[in-house]
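Structure data (mmCIF, C-alpha atoms) from protein-v4.cif:
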data_structure
#
loop_
_atom_site.label_atom_id
_atom_site.label_comp_id
_atom_site.auth_asym_id
_atom_site.auth_seq_id
_atom_site.Cartn_x
_atom_site.Cartn_y
_atom_site.Cartn_z
CA MET A 294 0.00 0.00 0.00
CA THR A 295 1.01 3.60 -0.54
CA ILE A 296 1.61 6.06 2.31
CA THR A 297 -1.59 7.87 1.34
CA GLU A 298 -3.67 4.70 1.60
CA VAL A 299 -2.24 3.81 5.01
CA PHE A 300 -2.82 7.39 6.17
CA LEU A 301 -6.47 7.16 5.14
CA ILE A 302 -6.82 3.82 6.96
CA ALA A 303 -5.52 5.57 10.08
CA MET A 304 -8.05 8.40 9.58
CA LEU A 305 -10.82 5.83 9.11
CA ILE A 306 -9.91 4.20 12.43
CA ILE A 307 -9.58 7.55 14.22
CA PHE A 308 -13.05 8.73 13.24
CA SER A 309 -15.06 5.52 13.11
CA VAL A 310 -14.06 3.58 16.24
CA PRO A 311 -14.80 6.26 18.90
CA TYR A 312 -18.02 7.30 17.14
CA LEU A 313 -19.34 3.73 17.02
CA VAL A 314 -18.48 3.18 20.70
CA TRP A 315 -20.16 6.49 21.64
CA ARG A 316 -23.33 5.67 19.69
CA VAL A 317 -23.65 1.92 20.30
CA PHE A 318 -22.99 2.13 24.05
CA ARG A 319 -24.75 5.51 24.51
CA THR A 320 -21.98 6.94 26.65
CA ASP A 321 -22.94 10.60 26.22
CA TYR A 322 -24.20 11.10 29.78
CA TRP A 323 -20.98 10.08 31.51
CA ALA A 324 -18.50 10.21 28.61
CA PRO A 325 -19.10 12.82 25.86
CA LEU A 326 -17.73 12.06 22.39
CA VAL A 327 -14.53 14.04 23.03
CA VAL A 328 -13.80 11.88 26.07
CA VAL A 329 -14.47 8.68 24.11
CA GLN A 330 -12.12 9.96 21.40
CA ILE A 331 -9.33 10.52 23.94
CA ILE A 332 -9.89 7.08 25.44
CA GLY A 333 -9.91 5.68 21.91
CA GLY A 334 -6.54 7.30 21.28
CA ILE A 335 -5.10 5.58 24.36
CA LEU A 336 -6.54 2.19 23.38
CA LEU A 337 -5.32 2.49 19.79
CA GLY A 338 -1.86 3.56 20.91
CA PRO A 339 1.26 1.51 21.67
CA GLY A 340 0.38 0.81 25.29
CA VAL A 341 -2.79 -1.24 24.69
CA LEU A 342 -3.67 -2.46 21.18
CA GLY A 343 -0.14 -1.72 20.01
CA ALA A 344 1.20 -4.06 22.68
CA ALA A 345 -1.45 -6.71 22.02
CA PHE A 346 -1.24 -6.50 18.21
CA PRO A 347 2.18 -5.07 17.29
CA ASP A 348 1.73 -5.99 13.61
CA TYR A 349 -1.40 -3.83 13.39
CA TYR A 350 0.37 -0.92 15.08
CA GLY A 351 3.50 -1.23 12.94
CA PHE A 352 1.45 -1.36 9.72
CA VAL A 353 -0.91 1.58 10.39
CA PHE A 354 1.15 3.98 12.49
CA THR A 355 4.36 4.16 10.50
CA LYS A 356 6.78 7.03 10.97
CA GLU A 357 5.45 8.81 7.86
CA VAL A 358 1.80 8.44 8.91
CA VAL A 359 2.49 9.63 12.46
CA THR A 360 4.37 12.64 11.08
CA ALA A 361 1.39 13.55 8.89
CA LEU A 362 -1.05 13.07 11.78
CA ASN A 363 1.09 15.23 14.07
CA GLY A 364 1.02 18.08 11.54
CA ILE A 365 -2.78 18.05 11.51
CA ALA A 366 -2.87 17.75 15.31
CA TRP A 367 -0.55 20.75 15.82
CA TRP A 368 -2.65 23.07 13.67
CA ALA A 369 -5.95 21.77 15.09
CA VAL A 370 -4.95 22.34 18.69
CA MET A 371 -3.45 25.75 17.88
CA ILE A 372 -6.81 26.83 16.47
CA PHE A 373 -8.62 25.40 19.49
CA VAL A 374 -6.39 27.28 21.94
CA TRP A 375 -6.71 30.44 19.83
CA ILE A 376 -10.51 30.21 20.13
CA ALA A 377 -10.20 29.75 23.89
CA GLY A 378 -8.12 32.94 24.02
CA ILE A 379 -10.68 34.92 22.03
CA GLU A 380 -13.54 33.74 24.24
CA LEU A 381 -11.90 34.93 27.46
CA ASP A 382 -14.25 37.60 28.80
CA LEU A 383 -11.86 39.64 30.90
CA LYS A 384 -14.22 42.65 30.79
CA GLN A 385 -16.84 40.78 32.80
CA ALA A 386 -14.17 39.43 35.13
CA TRP A 387 -13.00 43.00 35.78
CA LYS A 388 -16.59 44.23 36.29
CA HIS A 389 -17.07 41.60 39.03
CA ARG A 390 -13.41 41.63 40.07
CA GLY A 391 -13.91 41.23 43.83
CA GLU A 392 -16.08 38.12 43.72
CA THR A 393 -14.31 36.73 40.65
CA GLY A 394 -10.85 37.29 42.09
CA VAL A 395 -11.65 35.53 45.38
CA THR A 396 -13.31 32.56 43.70
CA ALA A 397 -10.84 32.12 40.84
CA GLY A 398 -7.87 32.62 43.16
CA LEU A 399 -8.97 29.95 45.63
CA ALA A 400 -10.13 27.65 42.80
CA LEU A 401 -6.57 27.79 41.46
CA ALA A 402 -4.37 28.01 44.55
CA VAL A 403 -5.84 25.19 46.67
CA PRO A 404 -5.80 22.40 44.03
CA LEU A 405 -2.39 23.64 42.84
CA GLY A 406 -1.10 23.13 46.38
CA PHE A 407 -2.74 19.69 46.63
CA GLY A 408 -1.35 18.72 43.24
CA ALA A 409 2.15 19.91 44.15
CA MET A 410 2.04 17.74 47.28
CA ALA A 411 0.92 14.77 45.17
CA ALA A 412 3.83 15.46 42.79
CA MET A 413 6.33 15.49 45.63
CA THR A 414 4.91 12.19 46.89
CA MET A 415 5.32 10.67 43.41
CA LEU A 416 8.92 11.89 43.11
CA ALA A 417 9.71 10.52 46.58
CA THR A 418 8.56 7.05 45.49
CA SER A 419 10.33 7.04 42.10
CA PRO A 420 12.53 9.46 40.14
CA GLY A 421 11.00 8.06 36.93
CA TRP A 422 8.22 10.67 37.00
CA ALA A 423 10.64 13.53 36.18
CA GLY A 424 11.85 14.01 32.61
CA PRO A 425 15.55 14.30 31.69
CA ALA A 426 15.26 18.08 31.26
CA GLY A 427 12.91 18.66 34.21
CA GLN A 428 14.13 20.30 37.40
CA THR A 429 12.23 19.32 40.54
CA TRP A 430 10.45 22.68 40.84
CA GLN A 431 9.33 22.50 37.20
CA VAL A 432 7.89 19.00 37.64
CA VAL A 433 6.13 19.89 40.91
CA LEU A 434 4.73 23.17 39.57
CA GLY A 435 3.70 21.55 36.28
CA ILE A 436 1.84 18.67 37.93
CA GLY A 437 0.31 21.05 40.48
CA MET A 438 -0.96 23.33 37.71
CA ALA A 439 -2.33 20.35 35.79
CA CYS A 440 -4.40 19.49 38.88
CA ALA A 441 -5.60 23.08 39.25
CA VAL A 442 -6.59 24.02 35.70
CA THR A 443 -10.15 24.06 34.38
CA ALA A 444 -10.65 23.05 30.73
CA LEU A 445 -12.58 26.09 29.49
CA PRO A 446 -13.63 24.69 26.06
CA ILE A 447 -14.84 21.41 27.59
CA LEU A 448 -16.58 23.34 30.37
CA VAL A 449 -18.49 25.24 27.67
CA LEU A 450 -19.55 21.98 26.01
CA LEU A 451 -20.68 20.44 29.31
CA MET A 452 -22.64 23.53 30.35
CA GLU A 453 -24.35 23.54 26.95
CA LYS A 454 -25.35 19.93 27.61
CA LEU A 455 -26.70 20.92 31.05
CA ASP A 456 -28.50 23.92 29.47
CA ILE A 457 -26.89 26.45 31.82
CA LEU A 458 -24.26 28.08 29.57
CA ARG A 459 -26.30 31.23 28.87
CA GLN A 460 -27.82 31.33 32.34
CA PRO A 461 -26.36 33.75 34.95
CA LEU A 462 -24.82 30.79 36.83
CA GLY A 463 -23.10 29.58 33.67
CA GLN A 464 -21.71 33.03 32.93
CA ARG A 465 -20.36 33.32 36.47
CA ILE A 466 -18.58 29.98 36.14
CA LEU A 467 -17.08 31.10 32.82
CA ARG A 468 -15.65 34.19 34.54
CA TYR A 469 -13.94 32.08 37.18
CA ALA A 470 -12.59 29.63 34.60
CA SER A 471 -11.37 32.46 32.35
CA LEU A 472 -8.99 33.84 34.96
CA ASP A 473 -7.62 30.38 35.69
CA ASP A 474 -7.17 29.86 31.94
CA VAL A 475 -4.95 32.93 31.82
CA ALA A 476 -2.98 31.64 34.79
CA ILE A 477 -2.06 28.31 33.19
CA TRP A 478 -0.33 30.02 30.26
CA GLY A 479 1.50 32.35 32.64
CA VAL A 480 2.71 29.38 34.68
CA LEU A 481 3.70 27.56 31.48
CA ALA A 482 5.76 30.56 30.36
CA LEU A 483 7.48 30.56 33.78
CA ILE A 484 8.24 26.83 33.57
CA LEU A 485 9.62 27.21 30.05
CA LEU A 486 11.68 30.32 30.84
CA ASP A 487 15.07 29.65 29.28
CA TRP A 488 17.91 31.83 30.53
CA GLU A 489 19.96 30.91 27.47
CA ARG A 490 17.17 32.32 25.31
CA ILE A 491 16.16 35.18 27.60
CA GLY A 492 17.12 37.69 24.91
CA ARG A 493 14.86 35.99 22.37
CA GLN A 494 12.01 35.77 24.88
CA GLY A 495 12.35 39.44 25.75
CA ALA A 496 12.40 40.31 22.03
CA PHE A 497 9.26 38.21 21.53
CA LEU A 498 7.36 40.03 24.28
CA VAL A 499 8.38 43.46 22.99
CA GLY A 500 7.61 42.52 19.40
CA PHE A 501 4.32 40.91 20.40
CA ALA A 502 3.21 44.05 22.25
CA ALA A 503 3.96 46.20 19.19
CA ALA A 504 2.31 43.73 16.81
CA THR A 505 -0.77 43.57 19.03
CA ILE A 506 -1.34 47.30 18.63
CA ALA A 507 -1.04 46.92 14.86
CA ILE A 508 -3.31 43.85 14.57
CA ARG A 509 -6.02 45.47 16.71
CA MET A 510 -5.98 48.55 14.46
CA ILE A 511 -6.19 46.34 11.37
CA MET A 512 -9.00 44.17 12.75
CA ARG A 513 -11.16 47.20 13.54
CA ARG A 514 -10.83 48.50 9.99
CA ILE A 515 -11.38 45.38 7.87
CA PRO A 516 -14.76 43.76 7.07
CA ARG A 517 -15.97 41.10 9.51
CA PRO A 518 -15.57 38.19 7.03
CA ASP A 519 -11.91 39.18 6.48
CA ARG A 520 -11.20 39.07 10.22
CA TRP A 521 -11.36 35.28 10.23
CA TYR A 522 -8.65 34.91 7.59
CA VAL A 523 -6.41 37.68 8.92
CA SER A 524 -6.64 36.31 12.45
CA LEU A 525 -5.47 32.87 11.25
CA ILE A 526 -2.43 34.54 9.65
CA TRP A 527 -1.88 36.27 13.00
CA LEU A 528 -2.21 32.89 14.78
CA ALA A 529 0.47 31.24 12.61
CA ALA A 530 2.83 34.21 13.04
CA CYS A 531 2.45 34.29 16.83
CA GLY A 532 2.88 30.52 17.09
CA PHE A 533 6.10 30.67 15.08
CA ALA A 534 7.48 33.65 17.03
CA ALA A 535 6.74 32.08 20.43
CA ASP A 536 8.33 28.78 19.41
CA TRP A 537 11.40 30.60 18.03
CA ALA A 538 11.71 32.36 21.40
CA GLY A 539 11.56 29.05 23.27
CA LEU A 540 8.12 29.64 24.82
CA HIS A 541 6.34 26.96 22.71
CA TYR A 542 3.92 27.63 19.89
CA MET A 543 0.90 27.01 22.15
CA VAL A 544 1.76 30.03 24.27
CA GLY A 545 1.79 32.08 21.07
CA ALA A 546 -1.52 30.53 19.96
CA PHE A 547 -3.23 31.47 23.23
CA LEU A 548 -1.80 35.00 23.27
CA SER A 549 -2.83 35.54 19.64
CA GLY A 550 -6.45 34.91 20.61
CA ALA A 551 -6.40 36.63 23.99
CA VAL A 552 -5.57 40.05 22.48
CA LEU A 553 -8.52 39.87 20.05
CA ASP A 554 -12.00 41.01 21.11
CA SER A 555 -14.71 38.38 20.92
CA ASP A 556 -17.27 40.95 19.72
CA TRP A 557 -15.26 41.34 16.48
CA PHE A 558 -16.65 37.92 15.53
CA ASP A 559 -20.22 36.69 15.24
CA GLN A 560 -20.91 34.53 18.31
CA LYS A 561 -22.96 31.95 16.40
CA GLN A 562 -20.22 31.63 13.78
CA MET A 563 -17.60 31.26 16.51
CA ASP A 564 -19.65 28.53 18.21
CA GLN A 565 -20.05 26.74 14.88
CA PHE A 566 -16.38 27.14 14.03
CA ARG A 567 -15.37 25.64 17.39
CA HIS A 568 -17.80 22.78 16.82
CA ASN A 569 -16.41 22.12 13.33
CA ILE A 570 -12.80 22.10 14.56
CA LEU A 571 -13.78 19.72 17.34
CA LEU A 572 -15.61 17.51 14.86
CA ALA A 573 -13.26 17.52 11.86
CA VAL A 574 -9.66 17.72 13.10
CA MET A 575 -9.38 17.52 16.90
CA PRO A 576 -9.90 13.71 16.88
CA VAL A 577 -6.48 13.51 15.20
CA PHE A 578 -4.98 15.35 18.19
CA PHE A 579 -6.69 12.91 20.56
CA LEU A 580 -5.18 9.98 18.66
CA SER A 581 -1.72 11.55 18.62
CA THR A 582 -2.10 12.10 22.38
CA GLY A 583 -2.96 8.42 22.86
CA LEU A 584 0.10 7.39 20.86
CA ARG A 585 2.29 9.00 23.52
CA THR A 586 0.93 7.04 26.48
CA GLN A 587 3.34 4.56 28.07
CA TRP A 588 3.32 2.31 31.14
CA ASP A 589 7.03 1.56 31.55
CA VAL A 590 7.10 2.58 35.23
CA GLY A 591 4.59 -0.21 35.78
CA GLY A 592 0.87 -0.31 35.05
CA LEU A 593 -0.20 -0.37 38.70
CA MET A 594 2.09 2.54 39.59
CA VAL A 595 0.70 4.62 36.74
CA PHE A 596 -2.89 3.91 37.81
CA GLY A 597 -1.97 4.58 41.43
CA ALA A 598 -0.43 7.92 40.50
CA ALA A 599 -3.53 8.77 38.44
CA ALA A 600 -5.77 8.00 41.42
CA LEU A 601 -3.62 10.15 43.72
CA LEU A 602 -3.72 13.04 41.23
CA LEU A 603 -7.49 12.68 40.81
CA VAL A 604 -8.05 12.94 44.56
CA ALA A 605 -5.72 15.95 44.78
CA SER A 606 -7.41 17.65 41.82
CA VAL A 607 -11.04 17.11 42.81
CA ALA A 608 -10.61 17.56 46.57
CA GLY A 609 -8.47 20.66 46.09
CA LYS A 610 -10.95 22.29 43.70
CA LEU A 611 -13.98 21.51 45.89
CA LEU A 612 -12.23 22.75 49.02
CA GLY A 613 -11.07 25.96 47.33
CA ILE A 614 -14.57 26.73 46.06
CA ARG A 615 -16.12 25.86 49.43
CA ILE A 616 -13.80 28.37 51.13
CA ALA A 617 -14.77 30.98 48.52
CA GLY A 618 -18.45 30.23 49.15
CA ARG A 619 -17.99 30.79 52.89
CA ILE A 620 -16.24 34.11 52.30
CA LEU A 621 -18.86 35.30 49.78
CA LYS A 622 -21.81 33.82 51.72
CA TRP A 623 -23.18 31.66 48.93
CA GLU A 624 -26.32 29.59 49.31
CA LYS A 625 -26.22 25.97 50.42
CA GLY A 626 -25.20 23.66 47.56
CA GLU A 627 -23.92 26.48 45.35
CA ALA A 628 -20.22 25.82 46.02
CA SER A 629 -20.64 22.13 45.28
CA ILE A 630 -22.15 22.72 41.81
CA ILE A 631 -19.56 25.34 40.88
CA GLY A 632 -16.69 23.26 42.25
CA TRP A 633 -17.65 20.11 40.34
CA LEU A 634 -17.99 22.05 37.09
CA LEU A 635 -14.65 23.82 37.57
CA GLN A 636 -12.80 20.57 38.25
CA THR A 637 -13.39 19.52 34.62
CA LYS A 638 -10.04 18.87 32.95
CA ALA A 639 -9.61 17.21 29.52
CA LEU A 640 -8.45 19.37 26.59
CA ILE A 641 -6.57 22.34 28.01
CA MET A 642 -4.84 20.23 30.65
CA ILE A 643 -3.93 17.62 28.05
CA ILE A 644 -2.47 20.34 25.82
CA PHE A 645 -0.54 21.69 28.82
CA VAL A 646 1.00 18.32 29.74
CA ASN A 647 1.73 17.58 26.06
CA ILE A 648 3.96 20.65 26.14
CA LEU A 649 5.66 19.51 29.35
CA LEU A 650 6.30 16.16 27.67
CA ASP A 651 7.62 17.84 24.50
CA LYS A 652 10.10 19.79 26.63
CA GLN A 653 11.11 16.59 28.51
CA ILE A 654 10.06 18.08 31.85
CA ILE A 655 7.88 15.04 32.59
CA THR A 656 8.09 11.47 31.33
CA ASN A 657 5.60 9.51 29.24
CA GLU A 658 4.51 7.70 32.40
CA THR A 659 3.73 10.97 34.19
CA PHE A 660 1.90 12.12 31.08
CA THR A 661 -0.14 8.90 31.07
CA ALA A 662 -1.09 9.29 34.76
CA LEU A 663 -2.15 12.91 34.20
CA LEU A 664 -4.14 11.93 31.11
CA LEU A 665 -6.02 9.23 33.04
CA MET A 666 -6.72 11.77 35.81
CA ALA A 667 -8.10 14.27 33.27
CA LEU A 668 -10.41 11.67 31.74
CA ALA A 669 -11.76 10.53 35.09
CA SER A 670 -12.24 14.13 36.23
CA THR A 671 -14.25 15.01 33.12
CA MET A 672 -16.34 11.84 33.22
CA LEU A 673 -17.41 12.61 36.81
CA THR A 674 -18.82 16.03 35.97
CA ILE A 675 -22.21 15.41 34.33
CA PRO A 676 -23.31 12.48 36.58
CA VAL A 677 -22.51 14.50 39.71
CA VAL A 678 -23.75 17.93 38.62
CA ALA A 679 -26.99 17.02 36.80
CA PRO A 680 -28.90 15.76 39.88
CA LYS A 681 -27.60 18.67 41.96
CA LEU A 682 -28.95 21.15 39.40
CA ARG A 683 -32.37 19.47 39.44
CA ARG A 684 -32.55 19.89 43.22
CA LEU A 685 -31.26 23.47 43.23
CA SER A 686 -32.69 24.91 40.01
CA GLY A 687 -33.21 28.32 41.65
CA LEU A 688 -29.44 28.94 41.57
CA LEU A 689 -29.45 29.19 37.76
CA THR A 690 -30.56 32.82 37.75
CA LYS A 691 -28.30 34.01 40.58
CA THR A 692 -25.86 36.60 39.19
CA SER A 693 -23.24 36.68 41.99
#

Could I get this structure in the form of structure tokens?
Amino acid sequence: MTITEVFLIAMLIIFSVPYLVWRVFRTDYWAPLVVVQIIGGILLGPGVLGAAFPDYYGFVFTKEVVTALNGIAWWAVMIFVWIAGIELDLKQAWKHRGETGVTAGLALAVPLGFGAMAAMTMLATSPGWAGPAGQTWQVVLGIGMACAVTALPILVLLMEKLDILRQPLGQRILRYASLDDVAIWGVLALILLDWERIGRQGAFLVGFAAATIAIRMIMRRIPRPDRWYVSLIWLAACGFAADWAGLHYMVGAFLSGAVLDSDWFDQKQMDQFRHNILLAVMPVFFLSTGLRTQWDVGGLMVFGAAALLLVASVAGKLLGIRIAGRILKWEKGEASIIGWLLQTKALIMIIFVNILLDKQIITNETFTALLLMALASTMLTIPVVAPKLRRLSGLLTKTS
């Protein structure tokens, strides 16, 4: 067979297997399609089916096919992160800065602390969790942040499913998640700070600030349809510049979206565009993520680490939100609903730990444990939150 034919077989597997599982087993309540796709990537990767059927894996996922898939995955996830940057509503966060600052701060700091303690426990049991280029503080901070982050795009999808996205409660939760979304990229930039490239990184920040002024002037003056195309050029340029500076192209992708105003784009078109990216190309990223999972530290140790990280992540988020609720005098049950929604992980966290793996700060085994934690965290959300919302439906219209 030609490379093209094998590539298309891989695409057939990537799109058909998760969809059939999702539809046949009706997993949507506890595992949305995106979660099934990520699980499918793990199962199709070298650690599971690749180990059981090495001939299948060697035939389909050749070096050339994986290279082609990675190219699609890079661009897909850059667009997805760019959309997340655009949809940050920092104006609303500033308008409600007191309440938002308290809630978002505690929602980030407490699980980050819990996650950092879990990371130190893992490193004390085995040095195999730290990558060859990872200093202890980078590994601890990276794992801690992975436990603290909320996956904003997945949160949007889950709140749409629960029919609360456009309700006042949903908008409040988006404000809290937006600030934490900014924080993860700031922490990533700190972790990736390279003193040997400090000149390049400084030049990038200065150049980015100047280019931002120019792109905002351009975007205001061009027709709305043109803004989509120009902003994709801007995305590619920022991704390249950030990677050249040593900050990783995902930092550039997020920044390229964060400096654009969401009201420059039609909201319905943006929602549809996000949906189309998630439908048409993001499954390739999920598969490429699954191809990186490994169990060399030992299967039980990886699952044990994932369980420890899940407890740290969920308990830390719920405790942080409960403290915020006490300070802000929320109603009974309000902190629980908000906390369970904000503990959703999946995409953004997976992108974050992919970068840590790329930079050899963590190992494939650490990546696998974090990925399993993210999947379990996301799968818990709907089953836990849905019955709580039915009992406390009056909270939906509460604005603060």

Inset, instruction - Taking the file above as input, evaluate the PyMOL selection byres ((chain A and resi 359-362) around 10) and report the hits as a PyMOL selection string. - result: chain A and resi 296-297+300+303-304+353-358+363-367+574+577-578+580-581+584

Would you save the residues of that selection, restricted to C-alpha atoms, as a PDB file, in the coordinates of the input?
ATOM      1  CA  ILE A 296       1.610   6.060   2.310  1.00  0.00           C
ATOM      2  CA  THR A 297      -1.590   7.870   1.340  1.00  0.00           C
ATOM      3  CA  PHE A 300      -2.820   7.390   6.170  1.00  0.00           C
ATOM      4  CA  ALA A 303      -5.520   5.570  10.080  1.00  0.00           C
ATOM      5  CA  MET A 304      -8.050   8.400   9.580  1.00  0.00           C
ATOM      6  CA  VAL A 353      -0.910   1.580  10.390  1.00  0.00           C
ATOM      7  CA  PHE A 354       1.150   3.980  12.490  1.00  0.00           C
ATOM      8  CA  THR A 355       4.360   4.160  10.500  1.00  0.00           C
ATOM      9  CA  LYS A 356       6.780   7.030  10.970  1.00  0.00           C
ATOM     10  CA  GLU A 357       5.450   8.810   7.860  1.00  0.00           C
ATOM     11  CA  VAL A 358       1.800   8.440   8.910  1.00  0.00           C
ATOM     12  CA  ASN A 363       1.090  15.230  14.070  1.00  0.00           C
ATOM     13  CA  GLY A 364       1.020  18.080  11.540  1.00  0.00           C
ATOM     14  CA  ILE A 365      -2.780  18.050  11.510  1.00  0.00           C
ATOM     15  CA  ALA A 366      -2.870  17.750  15.310  1.00  0.00           C
ATOM     16  CA  TRP A 367      -0.550  20.750  15.820  1.00  0.00           C
ATOM     17  CA  VAL A 574      -9.660  17.720  13.100  1.00  0.00           C
ATOM     18  CA  VAL A 577      -6.480  13.510  15.200  1.00  0.00           C
ATOM     19  CA  PHE A 578      -4.980  15.350  18.190  1.00  0.00           C
ATOM     20  CA  LEU A 580      -5.180   9.980  18.660  1.00  0.00           C
ATOM     21  CA  SER A 581      -1.720  11.550  18.620  1.00  0.00           C
ATOM     22  CA  LEU A 584       0.100   7.390  20.860  1.00  0.00           C
TER      23      LEU A 584
END

* Of the candidates A:Leu601, A:Ala546, A:Met510, A:Val299, which shows the shortest atom-to-atom distance to A:Thr414, using all atoms listed in the file? ->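 Ranking A:Leu601, A:Ala546, A:Met510, A:Val299 by distance to A:Thr414, first place goes to A:Leu601.
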
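Shortest separation to A:Tyr312 among A:Val329, A:Leu399, A:Leu540, A:Ala573 occurs at residue A:Val329, atoms counted being only C-alpha atoms.
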
Apply the PyMOL selection byres ((chain A and resi 398) around 9) to the displayed file and report the matching residues as a compact mmCIF listing (two decimals) with C-alpha atoms, in the frame of the given file.
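out.txt written:
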# COMPACT_ATOMS: atom_id res chain seq x y z
CA THR A 393 -14.31 36.73 40.65
CA GLY A 394 -10.85 37.29 42.09
CA VAL A 395 -11.65 35.53 45.38
CA THR A 396 -13.31 32.56 43.70
CA ALA A 397 -10.84 32.12 40.84
CA LEU A 399 -8.97 29.95 45.63
CA ALA A 400 -10.13 27.65 42.80
CA LEU A 401 -6.57 27.79 41.46
CA ALA A 402 -4.37 28.01 44.55
CA VAL A 403 -5.84 25.19 46.67
CA TYR A 469 -13.94 32.08 37.18
CA LEU A 472 -8.99 33.84 34.96
CA ASP A 473 -7.62 30.38 35.69
CA GLY A 613 -11.07 25.96 47.33
CA ALA A 617 -14.77 30.98 48.52

Note to self: Counting all atoms listed in the file, which residue out of A:Leu685, A:Ala377, A:Leu553, A:Val432 sits closest to A:Ser629?
What the structure shows: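 Result for the nearest residue to A:Ser629: A:Leu685.
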
List, as an MDAnalysis selection string, every residue that the PyMOL selection byres ((chain A and resi 422) around 6) selects in the file provided. chainID A and resid 420:421 423 656 659

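In terms of minimum interatomic distance to A:Gly334, A:Leu664 ranks closest within A:Leu664, A:Met371, A:Met642, A:Ala409, counting only C-alpha atoms.
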
From atom CA of A:Leu593 to atom CA of A:Ile436 the spacing works out at 19.2 Å

Residues within 12 Å of (-15.4, 16.2, 14.9), file coords, only C-alpha atoms, listed as a VMD selection string
chain A and resid 304 307 to 309 311 to 312 326 to 327 329 to 330 369 565 to 579

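With distances restricted to all atoms listed in the file, A:Leu498 is the closest residue to A:Ala534 from A:Leu498, A:Met415, A:Ala667, A:Ile306.
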
(message) Using all atoms listed in the file, list the residues that have an atom at most 12 Å from (-25.2, 10.4, 30.1), coordinates as in the file, as JSON, numbers by chain.
(response) {"A": [315, 316, 318, 319, 320, 321, 322, 323, 324, 325, 326, 451, 454, 455, 672, 673, 674, 675, 676, 677, 678, 679, 680]}

Assuming the input is short of atoms at stretch 419-430 of chain A, produce N, CA, C and O atoms for that part as a short mmCIF file (atom, residue, chain, number, x, y, z; two decimals), in the frame of the given file.
data_model
loop_
_atom_site.label_atom_id
_atom_site.label_comp_id
_atom_site.auth_asym_id
_atom_site.auth_seq_id
_atom_site.Cartn_x
_atom_site.Cartn_y
_atom_site.Cartn_z
N SER A 419 9.57 7.44 43.29
CA SER A 419 10.33 7.04 42.10
C SER A 419 10.79 8.27 41.34
O SER A 419 9.98 9.18 41.09
N PRO A 420 12.06 8.32 40.95
CA PRO A 420 12.53 9.46 40.14
C PRO A 420 12.06 9.38 38.69
O PRO A 420 12.27 10.32 37.92
N GLY A 421 11.42 8.26 38.31
CA GLY A 421 11.00 8.06 36.93
C GLY A 421 9.86 8.95 36.48
O GLY A 421 9.49 8.92 35.30
N TRP A 422 9.30 9.75 37.38
CA TRP A 422 8.22 10.67 37.00
C TRP A 422 8.77 11.98 36.42
O TRP A 422 8.03 12.72 35.78
N ALA A 423 10.03 12.28 36.66
CA ALA A 423 10.64 13.53 36.18
C ALA A 423 11.37 13.27 34.87
O ALA A 423 12.10 12.28 34.74
N GLY A 424 11.18 14.14 33.89
CA GLY A 424 11.85 14.01 32.61
C GLY A 424 13.32 14.38 32.69
O GLY A 424 13.76 15.02 33.65
N PRO A 425 14.10 14.02 31.67
CA PRO A 425 15.55 14.30 31.69
C PRO A 425 15.89 15.78 31.75
O PRO A 425 16.96 16.15 32.23
N ALA A 426 14.99 16.65 31.25
CA ALA A 426 15.26 18.08 31.26
C ALA A 426 14.48 18.81 32.35
O ALA A 426 14.51 20.03 32.42
N GLY A 427 13.77 18.05 33.21
CA GLY A 427 12.91 18.66 34.21
C GLY A 427 13.59 18.82 35.56
O GLY A 427 14.02 17.84 36.16
N GLN A 428 13.69 20.05 36.04
CA GLN A 428 14.13 20.30 37.40
C GLN A 428 12.97 20.00 38.34
O GLN A 428 11.80 20.07 37.95
N THR A 429 13.27 19.72 39.59
CA THR A 429 12.23 19.32 40.54
C THR A 429 11.12 20.37 40.63
O THR A 429 9.93 20.03 40.62
N TRP A 430 11.48 21.64 40.70
CA TRP A 430 10.45 22.68 40.84
C TRP A 430 9.57 22.75 39.61
O TRP A 430 8.36 23.02 39.72
#
